[in-house]
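Peer 1: Hey, dropping final_31.cif in here, mmCIF, C-alpha atoms and all ligand atoms:
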```
data_structure
#
loop_
_atom_site.group_PDB
_atom_site.id
_atom_site.type_symbol
_atom_site.label_atom_id
_atom_site.label_comp_id
_atom_site.auth_asym_id
_atom_site.auth_seq_id
_atom_site.Cartn_x
_atom_site.Cartn_y
_atom_site.Cartn_z
ATOM 1 C CA MET A 167 134.542 68.718 45.788
ATOM 2 C CA GLY A 168 130.821 68.781 45.182
ATOM 3 C CA PHE A 169 128.293 67.379 42.800
ATOM 4 C CA ALA A 170 126.812 69.165 39.815
ATOM 5 C CA GLY A 171 123.666 67.103 39.425
ATOM 6 C CA ASN A 172 122.930 63.533 38.357
ATOM 7 C CA ILE A 173 121.804 62.441 41.825
ATOM 8 C CA VAL A 174 118.411 61.228 40.657
ATOM 9 C CA LEU A 175 117.690 57.548 41.156
ATOM 10 C CA VAL A 176 114.860 55.984 39.165
ATOM 11 C CA ALA A 177 113.297 52.521 39.219
ATOM 12 C CA MET A 178 114.040 50.622 36.018
ATOM 13 C CA ARG A 179 110.843 48.578 36.450
ATOM 14 C CA ASP A 180 107.713 48.592 38.584
ATOM 15 C CA ILE A 181 108.566 47.844 42.210
ATOM 16 C CA CYS A 182 106.595 46.656 45.217
ATOM 17 C CA ALA A 183 106.196 48.801 48.345
ATOM 18 C CA SER A 184 108.142 46.309 50.488
ATOM 19 C CA GLU A 185 110.763 45.385 47.892
ATOM 20 C CA GLU A 186 114.450 45.885 48.709
ATOM 21 C CA LEU A 187 116.001 48.366 46.282
ATOM 22 C CA THR A 188 119.402 47.670 44.801
ATOM 23 C CA THR A 189 121.636 49.131 42.146
ATOM 24 C CA ASP A 190 124.553 47.907 40.059
ATOM 25 C CA TYR A 191 128.015 49.456 40.306
ATOM 26 C CA ALA A 192 128.195 49.139 36.517
ATOM 27 C CA LEU A 193 125.754 52.058 36.292
ATOM 28 C CA PHE A 194 128.050 54.624 37.900
ATOM 29 C CA ASP A 195 131.485 53.203 38.787
ATOM 30 C CA ASP A 196 134.595 53.742 36.687
ATOM 31 C CA SER A 197 137.502 52.563 38.788
ATOM 32 C CA ASP A 198 140.258 49.966 38.776
ATOM 33 C CA GLY A 199 138.846 47.955 41.656
ATOM 34 C CA THR A 200 136.885 44.716 41.808
ATOM 35 C CA LEU A 201 134.709 43.198 44.489
ATOM 36 C CA GLU A 202 132.964 39.918 45.051
ATOM 37 C CA CYS A 203 129.191 40.084 44.791
ATOM 38 C CA ARG A 204 126.948 37.707 46.709
ATOM 39 C CA CYS A 205 123.587 39.145 45.684
ATOM 40 C CA GLY A 206 122.402 35.708 44.626
ATOM 41 C CA THR A 207 120.476 36.825 41.548
ATOM 42 C CA PRO A 208 120.590 34.545 38.498
ATOM 43 C CA SER A 209 122.210 37.323 36.466
ATOM 44 C CA CYS A 210 124.954 38.046 39.046
ATOM 45 C CA ARG A 211 128.420 38.607 37.547
ATOM 46 C CA SER A 212 130.015 37.236 40.799
ATOM 47 C CA THR A 213 132.900 39.681 40.438
ATOM 48 C CA VAL A 214 131.999 43.331 40.018
ATOM 49 C CA SER A 215 134.593 45.434 38.249
ATOM 50 C CA GLY A 216 134.852 49.189 38.104
ATOM 51 C CA ARG A 217 134.906 48.822 34.330
ATOM 52 C CA ASP A 218 131.725 46.742 33.985
ATOM 53 C CA TRP A 219 130.043 49.722 32.265
ATOM 54 C CA GLN A 220 132.233 48.890 29.260
ATOM 55 C CA ARG A 221 130.808 45.363 28.932
ATOM 56 C CA PRO A 222 128.392 44.885 26.020
ATOM 57 C CA ASP A 223 126.055 42.798 28.219
ATOM 58 C CA THR A 224 125.695 45.527 30.851
ATOM 59 C CA GLN A 225 125.213 48.126 28.104
ATOM 60 C CA ARG A 226 122.423 46.009 26.583
ATOM 61 C CA LYS A 227 120.888 45.380 30.010
ATOM 62 C CA TYR A 228 120.849 48.989 31.214
ATOM 63 C CA GLY A 229 120.464 51.037 28.027
ATOM 64 C CA SER A 230 120.295 54.692 29.000
ATOM 65 C CA TYR A 231 120.109 54.077 32.767
ATOM 66 C CA PHE A 232 123.842 54.710 33.224
ATOM 67 C CA SER A 233 124.971 57.779 35.161
ATOM 68 C CA SER A 234 125.273 60.834 32.953
ATOM 69 C CA CYS A 235 129.083 60.821 33.055
ATOM 70 C CA LEU A 236 129.192 57.229 31.769
ATOM 71 C CA LEU A 237 126.415 57.904 29.228
ATOM 72 C CA ARG A 238 128.500 60.708 27.759
ATOM 73 C CA ARG A 239 131.427 58.327 27.370
ATOM 74 C CA LEU A 240 129.228 55.565 25.938
ATOM 75 C CA SER A 241 127.650 57.920 23.429
ATOM 76 C CA ARG A 242 131.110 58.571 22.004
ATOM 77 C CA LYS A 243 131.573 54.841 21.367
ATOM 78 C CA PRO A 244 129.907 53.770 18.122
ATOM 79 C CA GLY A 245 127.379 50.959 18.319
ATOM 80 C CA THR A 246 126.639 51.136 22.049
ATOM 81 C CA GLY A 247 123.121 52.466 21.546
ATOM 82 C CA ALA A 248 123.365 54.470 24.759
ATOM 83 C CA THR A 249 122.150 57.968 24.066
ATOM 84 C CA PRO A 250 121.660 60.513 26.851
ATOM 85 C CA GLY A 251 117.986 61.421 27.228
ATOM 86 C CA GLU A 252 116.771 58.377 25.313
ATOM 87 C CA SER A 253 114.132 56.269 27.025
ATOM 88 C CA PHE A 254 115.034 52.689 27.842
ATOM 89 C CA PRO A 255 113.702 50.513 25.013
ATOM 90 C CA GLY A 256 113.611 47.272 26.993
ATOM 91 C CA ARG A 257 111.483 48.634 29.824
ATOM 92 C CA ARG A 258 108.960 46.087 31.061
ATOM 93 C CA LEU A 259 106.058 46.279 33.452
ATOM 94 C CA HIS A 260 106.423 44.103 36.523
ATOM 95 C CA ALA A 261 103.351 42.769 38.298
ATOM 96 C CA CYS A 262 103.792 42.954 42.062
ATOM 97 C CA THR A 263 101.632 40.947 44.408
ATOM 98 C CA ARG A 264 101.155 41.717 48.087
ATOM 99 C CA GLU A 265 100.862 38.995 50.727
ATOM 100 C CA ASP A 266 97.073 39.219 50.503
ATOM 101 C CA GLY A 267 97.275 38.434 46.771
ATOM 102 C CA ARG A 268 96.223 41.885 45.588
ATOM 103 C CA ARG A 269 98.325 43.817 43.129
ATOM 104 C CA ALA A 270 100.462 46.435 44.805
HETATM 105 ZN ZN ZN B 301 125.533 40.084 42.232
#
```
Show me the file's structure as structure tokens.

Peer 2:
Amino acid sequence: MGFAGNIVLVAMRDICASEELTTDYALFDDSDGTLECRCGTPSCRSTVSGRDWQRPDTQRKYGSYFSSCLLRRLSRKPGTGATPGESFPGRRLHACTREDGRRA
């Protein structure tokens, strides 16, 4: 088995040079499994499910940032608002500050 594309990762907000990069399984996973998450972020779901892409809150949070295979499935579901190729409407700029106080 091989891949036929969709291996492009993109930042969903401005990031700092030294910032740890993470992703959410909800963006690409479609499986029966679950795992405990200890990321410690305020928005953590605590339990990550292979079906989290179906949750309305993750769909609102990630807009069109889902993997193309999940976007195709979401676009078939009325009212999800996830349309392949559409820019993410909730995109925000994030001000990063280095240790010396200057903007990164
Ligand atoms: Zn988490």

Peer 1: Write out as a list in words each polymer residue (protein, DNA or RNA) that has an atom no more than 9 Å from ligand ZN 301 (chain B), with all atoms listed in the file counted.

Peer 2: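 Using all atoms listed in the file, I find these residues within 9 Å of ligand ZN 301 (chain B): Asp190, Glu202, Cys203, Arg204, Cys205, Gly206, Thr207, Pro208, Ser209, Cys210, Arg211, Ser212, Thr213 and Val214 of chain A.
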
Peer 1: Excluding stretch 216-232 of chain A and residues on its chain fewer than 4 positions from it, collect all residues at most 6 Å away from it, counting only C-alpha atoms, and give them as a PyMOL selection string.

Peer 2: chain A and resi 192-193+195-199+237+248+254

Peer 1: Tell me, in Å to one decimal, how far atom CA of A:Phe169 is from atom CA of A:Arg239.

Peer 2: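 Pair atom CA of A:Phe169 / atom CA of A:Arg239 returns 18.2 Å.
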
Peer 1: In Å, how far is it from atom CA of A:Thr200 to atom CA of A:Ser233?

Peer 2: 18.9 Å

Peer 1: Between atom CA of A:Phe194 and atom CA of A:Arg242, what is the distance, to one decimal in Å?

Peer 2: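 Answer for the atom CA of A:Phe194 to atom CA of A:Arg242 separation: 16.7 Å.
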
Peer 1: I need stretch 212-229 of chain A written out with N, CA and C atoms, as a compact mmCIF listing (two decimals), in the first residue's frame; please produce it.

Peer 2:
```
# COMPACT_ATOMS: atom_id res chain seq x y z
N SER A 212 -9.56 14.50 26.83
CA SER A 212 -9.16 13.45 27.78
C SER A 212 -9.12 12.07 27.14
N THR A 213 -10.18 11.68 26.48
CA THR A 213 -10.21 10.44 25.72
C THR A 213 -10.33 10.77 24.25
N VAL A 214 -9.38 10.29 23.46
CA VAL A 214 -9.39 10.53 22.02
C VAL A 214 -9.96 9.30 21.35
N SER A 215 -10.98 9.49 20.55
CA SER A 215 -11.62 8.40 19.83
C SER A 215 -11.30 8.50 18.35
N GLY A 216 -11.26 7.36 17.71
CA GLY A 216 -11.05 7.34 16.27
C GLY A 216 -12.22 7.91 15.48
N ARG A 217 -13.28 8.24 16.17
CA ARG A 217 -14.45 8.83 15.51
C ARG A 217 -14.66 10.30 15.92
N ASP A 218 -13.65 10.91 16.53
CA ASP A 218 -13.81 12.30 16.98
C ASP A 218 -14.06 13.26 15.82
N TRP A 219 -13.68 12.88 14.60
CA TRP A 219 -13.94 13.75 13.44
C TRP A 219 -15.43 13.94 13.22
N GLN A 220 -16.25 13.05 13.77
CA GLN A 220 -17.70 13.16 13.61
C GLN A 220 -18.34 14.10 14.63
N ARG A 221 -17.58 14.52 15.62
CA ARG A 221 -18.12 15.39 16.68
C ARG A 221 -18.33 16.81 16.14
N PRO A 222 -19.48 17.41 16.42
CA PRO A 222 -19.72 18.79 15.97
C PRO A 222 -18.69 19.77 16.51
N ASP A 223 -18.20 19.57 17.75
CA ASP A 223 -17.22 20.52 18.30
C ASP A 223 -15.89 20.44 17.57
N THR A 224 -15.44 19.25 17.20
CA THR A 224 -14.18 19.17 16.45
C THR A 224 -14.38 19.70 15.03
N GLN A 225 -15.55 19.50 14.46
CA GLN A 225 -15.81 20.04 13.12
C GLN A 225 -15.81 21.57 13.15
N ARG A 226 -16.40 22.15 14.20
CA ARG A 226 -16.38 23.62 14.33
C ARG A 226 -14.95 24.12 14.56
N LYS A 227 -14.20 23.39 15.38
CA LYS A 227 -12.85 23.81 15.74
C LYS A 227 -11.90 23.78 14.55
N TYR A 228 -12.00 22.73 13.72
CA TYR A 228 -11.01 22.52 12.67
C TYR A 228 -11.46 22.90 11.27
N GLY A 229 -12.72 23.16 11.06
CA GLY A 229 -13.18 23.61 9.75
C GLY A 229 -12.69 22.72 8.62
```
